[in-house]
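Engineer: Got a structure here, written out as structure tokens. Questions coming.
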Protein chains: 2
Amino acid sequence: MNKRPLILVTNDDGITAPGIRKLIDVMKTIGDVVVVAPDSPQSGMGHAITVDSTLTVDKINGVNGEQAEYKCSGTPADCVKLGIREVLKRKPDLCVSGINHGSNASVNVIYSGTMSAALEAGIEGIPAIGFSLLDYSWGANFDNLESDIKKITLNVLKNGLPEGIVLNVNFPKSKNEFKGIKICRQAKGNWVETFDKRVNPMGKDYYWLSGEFVNLDKGEDTDQWALEHNYISVVPTQFDLTAHHFIQKLNNWDL
Amino acid sequence: MNKRPLILVTNDDGITAPGIRKLIDVMKTIGDVVVVAPDSPQSGMGHAITVDSTLTVDKINGVNGEQAEYKCSGTPADCVKLGIREVLKRKPDLCVSGINHGSNASVNVIYSGTMSAALEAGIEGIPAIGFSLLDYSWGANFDNLESDIKKITLNVLKNGLPEGIVLNVNFPKSKNEFKGIKICRQAKGNWVETFDKRVNPMGKDYYWLSGEFVNLDKGEDTDQWALEHNYISVVPTQFDLTAHHFIQKLNNWDL
């Protein structure tokens with residue numbers, strides 16, 4: 001690619017989150033950046049889209065004033081759709097989402113607004129990467145991620161990605177140097193919820209969703225394993241959900 | 001299975017939708033039914049979960065009074081989580097979601113609240129099926145789906161489903177008899193959006209998301225093909241999003 005690539009940047013923590021500010025800074029060293037991101041946090045939104053209410057998208061002054069930035073009232077997937085059709089009026093060369101404040105490894109990919117934006121770009125045929133750091137705090141330190149984000153992004157721009165595949169990149173929370181980048185599969189695991197039941201001032205029960213992630217996977221080729229051992233995990237992630245290997249068995253059912 | 005199975009029924013169109021009322025009626029002929037469904041429509045919610053606000057779940061009088069029914073303020077995935085942990089206090093033998101008013105074939109599975117409920121149950125290790133009819137109207141006729149829903153459900157109860165797989169079942173909109181049930185893969189396709197841009201009374205632009213589904217897949221083994229040819233489509237659907245076939249190639253990158 002000779003000319004500078006056009007890069008769409010989005011996230012699910014909202015346009016003011018420290019994670020996306022860092023990602024914008026890194027992408028500006030690689031290409032021309034346009035930001036279309038939610039105007040408020042959208043964590044846990046999965047691949048939601050806004051079908052029964054209206055959407056707004058407003059140009060704002062970028063924090064450093066060098067890139068076009070738009071805040072959108074919708075979900076991360078909405079941001080990508082609106083970004084392509086209404087803001088850019090063309091497909092960007094790359095879409096990056098994040099840096100998420102918190103893990104999108106293992107089954108978290110399913111609930112992830114960050115990854116839904118990357119997958120939406122992938123559905124549109126745009127190479128896409130979601131970046132996440134295993135640190136939920138707003139004050140997380142993103143500085144030591146820069147060189148690896150750049151390396152992975154340049155590899156995607158150089159090699160491209162096959163149709164139907166985007167990358168899910170997670171960084172361990174670590175004060176030490178990362179051991180390197182590991183290509184992984186998504187670990188089997190799930191959240192064991194504990195609903196925190198409370199009573200409101202009117203005497204009515206309500207719940208807060210809470211819980212703990214349980215890794216059910218003993219494999220050493222998973223994203224969870226890599227992250228627990230201070231590696232950066234890269235999972236090629238697809239939106240064809242067909243369990244192809246089970247089709248033949250189903251054909252033997254009495255249907 | 002000797003005793004009657006315990007069946008959790010949910011959907012994304014809301015607990016009063018005609019589609020879920022029909023699904024409840026069919027399930028009552030098979031097992032003991034408990035309904036936990038959204039109190040309002042949740043279409044397009046993808047795999048959203050409620051992490052930054054509270055949830056309520058209220059027992060209501062079932063329309064026919066024979067089954068326990070609960071309306072929940074959350075998303076379809078929330079309904080499954082709350083249904084298992086707080087309402088049933090145990091895993092049901094089966095979870096069914098739908099009957100959705102509209103298609104969840106091809107890439108629609110990604111945006112589908114109906115299928116997110118089924119996938120959430122699958123993550124919990126519960127056999128699960130999402131049912132959808134290719135008719136968005138509230139007055140859609142679900143009567144001719146009964147026997148096939150029952151046949152598919154009884155097969156799942158008899159054969160079980162492998163870990164990590166749920167079924168995505170779509171019915172064509174048809175006045176004629178269905179040609180049969182076809183086991184399919186998810187067709188490649190995407191939505192080409194046309195944002196309907198309007199101006200509000202205060203002079204500010206806003207958008208309605210609209211668009212058209214484009215089938216990019218010429219295969220005759222896809223759900224789109226089956227549905228267009230008046231077959232019922234059954235796609236085994238998984239929540240391991242790893243593109244396993246691309247892992248080896250990625251290991252050759254300069255990372």
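Please note that chains go A, B, ... in the order of the structure tokens, that every chain numbers its residues from 1, and that ligands are numbered from 1 in the order shown.
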Set the distance at 7 Å and use only C-alpha atoms: which residues neighbour range 191-208 of chain B once local chain neighbours fewer than 6 positions away are removed? I'd like the list as a list in words.
Structural biologist: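 My reading of the contact set: Thr54, Leu55 and Thr56 of chain A; Val214 of chain B.
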Engineer: Would you mind exporting C-alpha atoms of the selected residues as a PDB file, in the first residue's frame?
Structural biologist:
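Listed below is the output, selection_29.pdb:
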ATOM      1  CA  THR A  54     -33.320   6.897  15.839  1.00  0.00           C
ATOM      2  CA  LEU A  55     -29.598   7.543  15.599  1.00  0.00           C
ATOM      3  CA  THR A  56     -27.569  10.731  15.676  1.00  0.00           C
TER       4      THR A  56
ATOM      5  CA  VAL B 214     -28.064  -9.239   0.005  1.00  0.00           C
TER       6      VAL B 214
END
Engineer: Mind dumping a table of every chain A residue within 8 Å of chain B, with the nearest atom pair and its distance in Å to one decimal, using only C-alpha atoms, sorted by chain and rising number, as a tab-separated table?
Structural biologist:
residue	atom	partner	partner_atom	distance
A:Ser43	CA	B:Val51	CA	7.4
A:Gly44	CA	B:Ile49	CA	5.3
A:Met45	CA	B:Ala48	CA	4.1
A:Gly46	CA	B:Ala48	CA	4.3
A:His47	CA	B:Gly46	CA	4.4
A:Ala48	CA	B:Met45	CA	4.1
A:Ile49	CA	B:Gly44	CA	5.3
A:Thr50	CA	B:Gly44	CA	6.7
A:Val51	CA	B:Leu209	CA	6.1
A:Ser53	CA	B:Trp208	CA	7.2
A:Thr54	CA	B:Trp208	CA	5.2
A:Leu55	CA	B:Tyr207	CA	4.9
A:Thr56	CA	B:Tyr206	CA	4.8
A:Val57	CA	B:Tyr206	CA	7.4
A:Lys81	CA	B:Glu193	CA	7.4
A:Leu82	CA	B:Phe195	CA	7.7
A:Arg85	CA	B:Glu193	CA	7.5
A:Glu86	CA	B:Phe195	CA	7.6
A:Val107	CA	B:Phe239	CA	7.6
A:Ile110	CA	B:His47	CA	6.5
A:Tyr111	CA	B:His47	CA	5.6
A:Ile123	CA	B:Asn190	CA	6.5
A:Glu124	CA	B:Asn190	CA	7.2
A:Lys151	CA	B:Leu255	CA	6.9
A:Ile152	CA	B:Leu255	CA	6.8
A:Asn155	CA	B:Asp254	CA	7.0
A:Ile165	CA	B:Ala243	CA	7.0
A:Ile181	CA	B:Leu255	CA	6.5
A:Ile183	CA	B:Ile247	CA	6.5
A:Cys184	CA	B:Ile247	CA	7.2
A:Arg185	CA	B:Thr242	CA	5.6
A:Gln186	CA	B:Thr242	CA	5.8
A:Lys188	CA	B:Asp240	CA	7.8
A:Asn190	CA	B:Ile123	CA	6.5
A:Glu193	CA	B:Lys81	CA	7.4
A:Thr194	CA	B:Arg85	CA	7.7
A:Phe195	CA	B:Glu86	CA	7.6
A:Asp205	CA	B:Thr56	CA	6.9
A:Tyr206	CA	B:Thr56	CA	4.8
A:Tyr207	CA	B:Leu55	CA	4.9
A:Trp208	CA	B:Thr54	CA	5.2
A:Leu209	CA	B:Val51	CA	6.2
A:Ser210	CA	B:Val51	CA	7.9
A:Val235	CA	B:Thr242	CA	6.5
A:Pro236	CA	B:Ala243	CA	5.3
A:Thr237	CA	B:Thr242	CA	4.7
A:Gln238	CA	B:Leu241	CA	5.3
A:Phe239	CA	B:Leu241	CA	6.7
A:Asp240	CA	B:Gln186	CA	6.5
A:Leu241	CA	B:Thr237	CA	5.2
A:Thr242	CA	B:Thr237	CA	4.7
A:Ala243	CA	B:Pro236	CA	5.3
A:His244	CA	B:Arg185	CA	7.0
A:Phe246	CA	B:Pro236	CA	6.7
A:Ile247	CA	B:Ile183	CA	6.5
A:Leu250	CA	B:Ile183	CA	6.8
A:Asn251	CA	B:Ile183	CA	6.5
A:Trp253	CA	B:Asn155	CA	7.1
A:Asp254	CA	B:Asn155	CA	7.0
A:Leu255	CA	B:Ile181	CA	6.4
Engineer: Cα-based RMSD, chain A fitted onto chain B, all atoms paired in sequence order: value?
Structural biologist: 0.0 Å
Engineer: Using only C-alpha atoms, find the one residue out of B:Gly102, B:Thr114, B:Asp221, B:Asn61 that sits nearest to Val9 in chain B.
Structural biologist: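 The shortest atom-to-atom distance to Val9 in chain B comes from B:Thr114.
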Engineer: From a DSSP calculation on the backbone, collect every residue of range 130-167 of chain B in strand (DSSP E) and output the set as a VMD selection string.
Structural biologist: chain B and resid 130 to 133 165 to 167
Engineer: As a ChimeraX atom specification, please: every residue in range 60-211 of chain A that DSSP puts in helix (DSSP H, G or I).
Structural biologist: /A:76-88,108-111,113-123,143-159
Engineer: Could you please take those selected residues and save C-alpha atoms as a PDB file, in the first residue's frame?
Structural biologist:
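Contents of again-v6.pdb, freshly written:
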ATOM      1  CA  PRO A  76     -20.540  -0.051  18.215  1.00  0.00           C
ATOM      2  CA  ALA A  77     -22.071  -1.921  15.249  1.00  0.00           C
ATOM      3  CA  ASP A  78     -24.181   1.167  14.462  1.00  0.00           C
ATOM      4  CA  CYS A  79     -21.008   3.288  14.532  1.00  0.00           C
ATOM      5  CA  VAL A  80     -19.382   1.112  11.873  1.00  0.00           C
ATOM      6  CA  LYS A  81     -22.489   1.096   9.668  1.00  0.00           C
ATOM      7  CA  LEU A  82     -22.984   4.880   9.986  1.00  0.00           C
ATOM      8  CA  GLY A  83     -19.244   5.486   9.666  1.00  0.00           C
ATOM      9  CA  ILE A  84     -19.044   3.694   6.348  1.00  0.00           C
ATOM     10  CA  ARG A  85     -22.307   4.848   4.773  1.00  0.00           C
ATOM     11  CA  GLU A  86     -22.791   8.377   6.083  1.00  0.00           C
ATOM     12  CA  VAL A  87     -19.488   9.697   7.398  1.00  0.00           C
ATOM     13  CA  LEU A  88     -16.822   8.249   5.090  1.00  0.00           C
ATOM     14  CA  ASN A 108     -16.352 -12.718  26.260  1.00  0.00           C
ATOM     15  CA  VAL A 109     -16.069 -12.247  22.502  1.00  0.00           C
ATOM     16  CA  ILE A 110     -19.795 -13.060  22.296  1.00  0.00           C
ATOM     17  CA  TYR A 111     -20.820 -10.235  24.652  1.00  0.00           C
ATOM     18  CA  GLY A 113     -19.244  -4.464  21.801  1.00  0.00           C
ATOM     19  CA  THR A 114     -15.596  -3.939  20.865  1.00  0.00           C
ATOM     20  CA  MET A 115     -15.511  -7.151  18.847  1.00  0.00           C
ATOM     21  CA  SER A 116     -18.992  -6.574  17.386  1.00  0.00           C
ATOM     22  CA  ALA A 117     -17.631  -3.425  15.749  1.00  0.00           C
ATOM     23  CA  ALA A 118     -14.708  -5.384  14.304  1.00  0.00           C
ATOM     24  CA  LEU A 119     -17.036  -8.170  13.137  1.00  0.00           C
ATOM     25  CA  GLU A 120     -19.409  -5.641  11.554  1.00  0.00           C
ATOM     26  CA  ALA A 121     -16.487  -4.207   9.580  1.00  0.00           C
ATOM     27  CA  GLY A 122     -15.538  -7.762   8.614  1.00  0.00           C
ATOM     28  CA  ILE A 123     -19.064  -8.415   7.354  1.00  0.00           C
ATOM     29  CA  ASP A 143       1.602   2.921  26.973  1.00  0.00           C
ATOM     30  CA  ASN A 144       3.384  -0.423  26.731  1.00  0.00           C
ATOM     31  CA  LEU A 145       0.896  -1.700  24.104  1.00  0.00           C
ATOM     32  CA  GLU A 146       1.886   0.763  21.390  1.00  0.00           C
ATOM     33  CA  SER A 147       4.626  -1.167  19.605  1.00  0.00           C
ATOM     34  CA  ASP A 148       2.668  -4.434  19.469  1.00  0.00           C
ATOM     35  CA  ILE A 149      -0.524  -2.718  18.289  1.00  0.00           C
ATOM     36  CA  LYS A 150       1.514  -1.122  15.545  1.00  0.00           C
ATOM     37  CA  LYS A 151       3.211  -4.393  14.603  1.00  0.00           C
ATOM     38  CA  ILE A 152      -0.080  -6.309  14.390  1.00  0.00           C
ATOM     39  CA  THR A 153      -1.785  -3.511  12.449  1.00  0.00           C
ATOM     40  CA  LEU A 154       1.031  -3.234   9.909  1.00  0.00           C
ATOM     41  CA  ASN A 155       0.915  -7.001   9.420  1.00  0.00           C
ATOM     42  CA  VAL A 156      -2.825  -6.829   8.686  1.00  0.00           C
ATOM     43  CA  LEU A 157      -2.325  -3.976   6.209  1.00  0.00           C
ATOM     44  CA  LYS A 158       0.501  -5.855   4.496  1.00  0.00           C
ATOM     45  CA  ASN A 159      -0.980  -9.369   4.438  1.00  0.00           C
TER      46      ASN A 159
END
Engineer: Could you work out how far CA of Lys22 in chain A lies from CA of Gln224 in chain A, giving the answer in Å with one decimal?
Structural biologist: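 Answer for the CA of Gln224 in chain A to CA of Lys22 in chain A separation: 24.1 Å.
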Engineer: Could you check how far CA of Gly160 in chain B sits from CA of Val36 in chain B, in Å to one decimal?
Structural biologist: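 Those two atoms sit 22.5 Å apart.
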Engineer: Would you list the contacts of Asn170 in chain B as a list in words, taking every protein, DNA or RNA residue within 6 Å and counting only C-alpha atoms, but skipping same-chain residues closer than 4 positions in sequence?
Structural biologist: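 The residues satisfying every condition are Phe131, Ser132, Leu133, Ile232 and Ser233 of chain B.
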Engineer: Which residues are near Tyr136 in chain A? Cut-off 12 Å, only C-alpha atoms, ignore same chain within fewer than 5 positions. Put them as a PyMOL selection string.
Structural biologist: chain A and resi 13+17-19+43+99-104+141-142+172-173
Engineer: With distances taken over only C-alpha atoms, which of A:His229, A:Arg21, A:Leu8, A:Ile30 is nearest to Lys89 in chain A?
Structural biologist: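 Of all the options, A:Leu8 lies closest to Lys89 in chain A.
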Engineer: Do you have the CA of Lys71 in chain A-CA of Ile15 in chain A distance handy?
Structural biologist: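 Separating CA of Lys71 in chain A from CA of Ile15 in chain A is a distance of 6.6 Å.
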